[in-house]
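Step one of this worksheet: look at the structure below.
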Amino acid sequence: MPRIKELEVLTFAVPSISANQIDGASTTTVVRLTDEDGHIGIGECDGAPSVIKAFIEMPSSHAFWGQGIRSMLIGADPLEITALWQRIYDATAFSGRRGLGIQALSGIDIALHDLAGHQIGQPVYKLMGGARRKHLTPYATIFPGWPEGKKLSELIDGLATRCEHALKLGYRAIKICVIFGDVVTDTKLVDVLRQSRRMVGDNTPLMIDFGYRWRDWADAKWVLNRAADADLYFAEATLQHDDLEGHAKLVEHCPMRICGAELAGTRWEVREWMVTAKVAVVQPDINHCGGLTEIRRICDMAELYGVQVIPHGWKTGITAACGQHFQASCTNAPMFEYVVPEIYDLPLRRELVSPNPVVNDGNMALPTGAGLGISLNQEAVKKFQIN
Ligand code: MG
């Protein structure tokens, strides 16, 4: 098979966005691999673009555990994805292993999958073991923007309008973000959860993202138990991300699924969420946890613990495509997070890659193109590239 000839790290940002309005879809880092025959593979990394780029492009700083990534990829066979993953993980252990190094590795791993898929002319989910289901189930996230300077009524109107739009577009599973900070009291939040249920109707799975609202598990429990009649599929980001013991207490005392691990890197860290926090759902982001190789391994491990894997994903169409191939090939993955491009003013999400899948009565068809089935739009590359 043709070898990898070129590695590029492209960084993108939506211009002139104010610092307090930036979210995960306002910037991105794209890893682009080209092989000797001109096949291209693209992947995307979570994290600060300038830092991720520097990490991937850094020269070697240690003979064993601080090697430059470029030298490991140029000349490599892209079909040896898992072997390359391990090589990069081991050889960047000084500054990788968790966090930023794994975010970088995630984008590389996704690009390797895309490139290998193009080389053999098959969709990525077949490289991941093949289809385990007939169709896909995206859930639409409803986010009314950050709360600063807004009234509660404005935030709730923002939720209601977007919920209606998502249902009209054909989404049949919805997550509502109540990242409202001080704009809402805990008592009022109980009403907001009941209102959220009315917005989506009785038969739609409803998830709630609390945006790491509480420091004390008993406060979280107070709200979750009072709003039990809102019938939540899961409660996300209730406590601080690293408070695994607190999560375990919530699991014990609340009726709905408690989830977590959206910022976790690698199966090693996600395992702690199963063993210590005992959550029912883990949400590692494919562009953050170690890519498609690692989410696959996390899924296999989660099956042994009776845990669902429903990845976080708030970035461009590259991450959205990863969600499709992931869900297609994993059994204990009832849904994946999907940013609905029609609902948000997120230029990178709408324009950076195409095509976007079609949703019909809650379902998406299995992807059919080679690799991830998407490509970078050159116009958007010119418009948003920052390096
Ligand atoms: Mg979240």
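Residues in the structure tokens are numbered from 1 in each chain, the chains being A, B, ... in the order shown, and ligands are numbered from 1 in the order shown.
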Report the closest atom pair, with its distance in Å rounded to one decimal, for each residue of region 274-301 of chain A that has an atom no farther than 12 Å from region 333-336 of chain A; count only C-alpha atoms, sort by chain and then rising residue number, and write it as CSV.
residue,atom,partner,partner_atom,distance
A:Ala280,CA,A:Ala333,CA,11.9
A:Val281,CA,A:Ala333,CA,9.4
A:Val282,CA,A:Ala333,CA,10.0
A:Gln283,CA,A:Phe336,CA,8.9
A:Pro284,CA,A:Phe336,CA,10.6
A:Asp285,CA,A:Phe336,CA,9.9
A:Ile286,CA,A:Phe336,CA,10.5
A:Ile295,CA,A:Ala333,CA,10.7
A:Arg296,CA,A:Ala333,CA,10.4
A:Ile298,CA,A:Ala333,CA,10.9
A:Cys299,CA,A:Ala333,CA,7.8
A:Asp300,CA,A:Ala333,CA,10.5
Grab the residues selected above and save them as a PDB file, in the first residue's frame with C-alpha atoms.
ATOM      1  CA  ALA A 280     -24.318   4.455  33.483  1.00  0.00           C
ATOM      2  CA  VAL A 281     -23.064   6.389  30.439  1.00  0.00           C
ATOM      3  CA  VAL A 282     -19.598   7.616  29.443  1.00  0.00           C
ATOM      4  CA  GLN A 283     -19.215  10.399  26.895  1.00  0.00           C
ATOM      5  CA  PRO A 284     -15.587  10.586  25.746  1.00  0.00           C
ATOM      6  CA  ASP A 285     -15.217  12.854  22.747  1.00  0.00           C
ATOM      7  CA  ILE A 286     -13.686  11.102  19.723  1.00  0.00           C
ATOM      8  CA  ILE A 295     -13.340   5.004  21.391  1.00  0.00           C
ATOM      9  CA  ARG A 296     -13.635   1.502  19.938  1.00  0.00           C
ATOM     10  CA  ILE A 298     -13.550   2.150  25.323  1.00  0.00           C
ATOM     11  CA  CYS A 299     -16.755   0.676  23.901  1.00  0.00           C
ATOM     12  CA  ASP A 300     -15.465  -2.872  24.197  1.00  0.00           C
TER      13      ASP A 300
END
(request) Could I get the residue neighbourhood of ligand 1 at 10 Å, counting only C-alpha atoms and all ligand atoms, as an NGL selection string? (result) :A and (141 or 175-177 or 179 or 208-212 or 235-238 or 259-263 or 283 or 285 or 311-314 or 337)
(message) List as a ChimeraX atom specification the protein and nucleic acid residues near Val178 (chain A), meaning an atom at most 10 Å away when only C-alpha atoms are counted, but skip any in the same chain fewer than 6 places from it.
(response) /A:142-147,155-156,159,184,189,192-193,196,208-211,213
(request) Please give the complete set of residues from region 93-341 of chain A that DSSP, run on the backbone, assigns to strand (DSSP E or B), formatted as a PyMOL selection string. (result) chain A and resi 123+135-136+138-142+174-177+206-209+214+234-236+239+257-260+281-282+308-309+336-338
(request) Assign secondary structure with DSSP using the backbone only, and return the residues of region 321-377 of chain A in helix (DSSP H, G or I) as number ranges by chain. (result) A: 321-329, 347-351
Save out the residues we just selected, C-alpha atoms, as a short mmCIF file (atom, residue, chain, number, x, y, z; two decimals), in the first residue's frame.
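Contents of selection.cif, as written:
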data_model
loop_
_atom_site.label_atom_id
_atom_site.label_comp_id
_atom_site.auth_asym_id
_atom_site.auth_seq_id
_atom_site.Cartn_x
_atom_site.Cartn_y
_atom_site.Cartn_z
CA ALA A 321 -18.79 12.05 10.67
CA CYS A 322 -16.72 10.26 13.32
CA GLY A 323 -19.88 9.95 15.43
CA GLN A 324 -21.61 8.19 12.54
CA HIS A 325 -18.84 5.64 11.92
CA PHE A 326 -18.44 5.08 15.66
CA GLN A 327 -22.13 4.38 16.24
CA ALA A 328 -22.36 2.21 13.14
CA SER A 329 -19.66 -0.12 14.45
CA PRO A 347 -19.66 28.78 10.32
CA LEU A 348 -16.98 26.08 10.74
CA ARG A 349 -19.64 23.47 11.51
CA ARG A 350 -21.63 24.43 8.44
CA GLU A 351 -18.89 25.12 5.92
#
(request) Go through A:Met128, A:Glu342, A:Thr331, A:Phe64 one by one, measure the shortest atom-to-atom distance of each to Val307 (chain A) using only C-alpha atoms, and give the residue with the smallest value. (result)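 Closest candidate: A:Thr331.
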(request) Kindly give the distance, in Å, that separates CA of Val309 (chain A) and CA of Asn332 (chain A), rounded to a single decimal. (result)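 CA of Asn332 (chain A) lies 6.3 Å from CA of Val309 (chain A).
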(request) Can you work out which one of A:His288, A:Lys134, A:Arg198, A:Lys5 has the shortest atom-to-atom distance to Leu105 (chain A), counting only C-alpha atoms? (result) A:His288
(request) For Ile22 (chain A), please output as a list of chain:residue names all residues within 12 Å (counting only C-alpha atoms; exclusion window: fewer than 3 positions along the same chain). (result)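 Surrounding residues, per the criterion: A:Ala13, A:Val14, A:Pro15, A:Ser16, A:Ile17, A:Ser18, A:Ala19, A:Ala25, A:Ser26, A:Thr27, A:Thr28, A:Ala48, A:Gly145, A:Trp146, A:Lys315, A:Asp345, A:Leu346.
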(request) One decimal, Å: what's the distance from CA of Leu115 (chain A) over to CA of Arg3 (chain A), could you say? (result) 10.3 Å
